[in-house]
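K.L.:
Structure provided below as structure tokens; questions to follow.
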Amino acid sequence: MRSHTTDSMQLEVAIVGAGPVGLLLAGDLAAAGTRTVVWESSPAPSAMPKANGIVGHAAVELEQRGLLSGTGLAVLSPSRFAFGPLSLDLGSDANNPLHILPIPQRRLEELLEARAVAHGARIYRGHTPPRPDHPGR
Ligand SMILES: Cc1cc2nc3c(=O)[nH]c(=O)nc-3n(C[C@H](O)[C@H](O)[C@H](O)COP(=O)(O)OP(=O)(O)OC[C@H]3O[C@@H](n4cnc5c(N)ncnc54)[C@H](O)[C@@H]3O)c2cc1C
């Protein structure tokens, strides 16, 4: 792993970690006009299967950012929720909280990274944050 120091002094925000949280944040900040960089220690995205979907309002938040346009993916809002013997009818609830975005985590990370880069964020893989020259300051 190497440290990346290029123009770090001119950055407004540096994010450590290109997981879903770091990539979403990078996209939001860059979309707002903030100079943003992401340092990710792994040289390549992980191929390990992880989450298979997003549930709840987070799914709506992602859709509202235009993340799904052109992907064929969509947020589902089923009116019935079943969990074992429990069955809830949410069809009459105007504020149905049941939103599901079926998407493998790796695919979500791809979309989030593409959005962040499109807005101008820079993502450096195989890098850790530069150490401050004067840690005491
Ligand atoms: C096998 C497995 C199965 C899972 N299944 C599910 C599931 O079914 N449903 C579900 O909701 N969740 C699941 N999860 C959890 C889900 O993957 C995590 O909640 C999610 O990845 C967290 O996102 P994050 O961005 O916070 O962190 P992460 O995805 O962990 O990303 C953090 C990133 O920071 C990088 N990093 C760390 N330290 C440094 C450093 N010093 N410098 C630079 N980079 C650094 C790491 O390399 C990593 O890429 C699963 C996880 C695993 C491992």
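Letters for chains follow the order of the structure tokens (A, B, ...), residue numbers begin at 1 for each chain, and ligand numbers begin at 1 in the order shown.
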Output the neighbourhood of ligand 1 as JSON, numbers by chain, that is, all protein and nucleic acid residues with some atom at most 7 Å from the ligand, counting only C-alpha atoms and all ligand atoms.
P.N.:
{"A": [16, 17, 18, 19, 20, 21, 22, 39, 40, 41, 42, 48, 49, 50, 51, 52, 53, 54, 105, 127, 128, 129]}
K.L.:
List every residue of stretch 39-81 of chain A that DSSP, applied to the backbone of this structure, places in strand (DSSP E), and write the result as JSON, numbers by chain.
P.N.:
{"A": [39, 40, 53, 54, 55, 80, 81]}
K.L.:
Restricting the calculation to only C-alpha atoms, which member of A:Ala114, A:Leu29, A:Ala94, A:Ala44 is positioned closest to A:Leu68?
P.N.:
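Counting only C-alpha atoms, the residue closest to A:Leu68 is A:Ala114.
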K.L.:
Nearest to A:Gly66 among A:Arg35, A:His99, A:Arg115, A:Arg106, with distances taken over only C-alpha atoms: which residue is it?
P.N.:
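Going through A:Arg35, A:His99, A:Arg115, A:Arg106 one by one, the smallest distance to A:Gly66 is for A:Arg115.
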K.L.:
Could you give me, as a list in words, the residues within 9 Å of A:His119, counting only C-alpha atoms and dropping anything in the same chain fewer than 6 positions from it?
P.N.:
Ala26, Gly27, Asp28, Leu29, Ala30, Ala31, Ala32 and Gly33 of chain A
K.L.:
Could the residues in this selection be saved with C-alpha atoms as a CSV table (one decimal), in the first residue's frame?
P.N.:
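New file part_28.csv:
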```
chain,number,residue,atom,x,y,z
A,26,ALA,CA,-18.3,11.0,-2.2
A,27,GLY,CA,-21.0,11.2,-4.8
A,28,ASP,CA,-23.2,13.5,-2.6
A,29,LEU,CA,-20.3,15.8,-1.7
A,30,ALA,CA,-19.0,15.9,-5.3
A,31,ALA,CA,-22.5,16.6,-6.6
A,32,ALA,CA,-22.7,19.5,-4.2
A,33,GLY,CA,-19.5,20.9,-5.7
```
K.L.:
Using only C-alpha atoms, which protein or nucleic acid residues come within 7 Å of stretch 56-63 of chain A? Drop anything in the same chain fewer than 6 positions from it, and give the result as an MDAnalysis selection string.
P.N.:
chainID A and resid 75 97:101
K.L.:
Just how far from atom CA of A:Pro43 is atom CA of A:Ser69, in Å to one decimal?
P.N.:
28.3 Å
K.L.:
For A:Leu73, which residue among A:Gly120, A:Thr36, A:Pro104, A:Ala14 is the nearest when counting only C-alpha atoms?
P.N.:
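Of A:Gly120, A:Thr36, A:Pro104, A:Ala14, the one nearest A:Leu73, counting only C-alpha atoms, is A:Pro104.
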K.L.:
Mind listing the helix (DSSP H, G or I) residues of stretch 6-85 of chain A, per DSSP on the backbone, as a list in words?
P.N.:
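Output for stretch 6-85 of chain A, helix (DSSP H, G or I) only: Ser8, Met9, Gln10, Pro20, Val21, Gly22, Leu23, Leu24, Leu25, Ala26, Gly27, Asp28, Leu29, Ala30, Ala31, His57, Ala58, Ala59, Val60, Glu61, Leu62, Glu63 and Gln64 of chain A.
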K.L.:
Return the single residue from A:Gly70, A:Asn96, A:Pro130, A:Gly84 that is closest to A:Ile15, with distances computed using only C-alpha atoms.
P.N.:
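For A:Ile15, the nearest of the given residues is A:Pro130.
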K.L.:
Could you state the separation of atom CA of A:Ile103 and atom CA of A:Pro85 in Å, given to one decimal place?
P.N.:
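Spanning atom CA of A:Ile103 to atom CA of A:Pro85 is a straight-line distance of 26.1 Å.
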K.L.:
Just checking: using only C-alpha atoms, which residue out of A:Glu110, A:Pro102, A:Asn95, A:Leu90 ends up closest to A:Val55?
P.N.:
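Among A:Glu110, A:Pro102, A:Asn95, A:Leu90, it is A:Pro102 that comes nearest to A:Val55.
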K.L.:
Would you mind telling me which residue in A:Leu112, A:Val37, A:Leu67, A:Tyr124 lies nearest to A:Leu24 when using only C-alpha atoms?
P.N.:
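Looking only at the distances to A:Leu24, the closest residue turns out to be A:Leu112.
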K.L.:
Interatomic distance between atom CA of A:Ser77 and atom CA of A:Gly91?
P.N.:
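Between atom CA of A:Ser77 and atom CA of A:Gly91 the gap is 9.4 Å.
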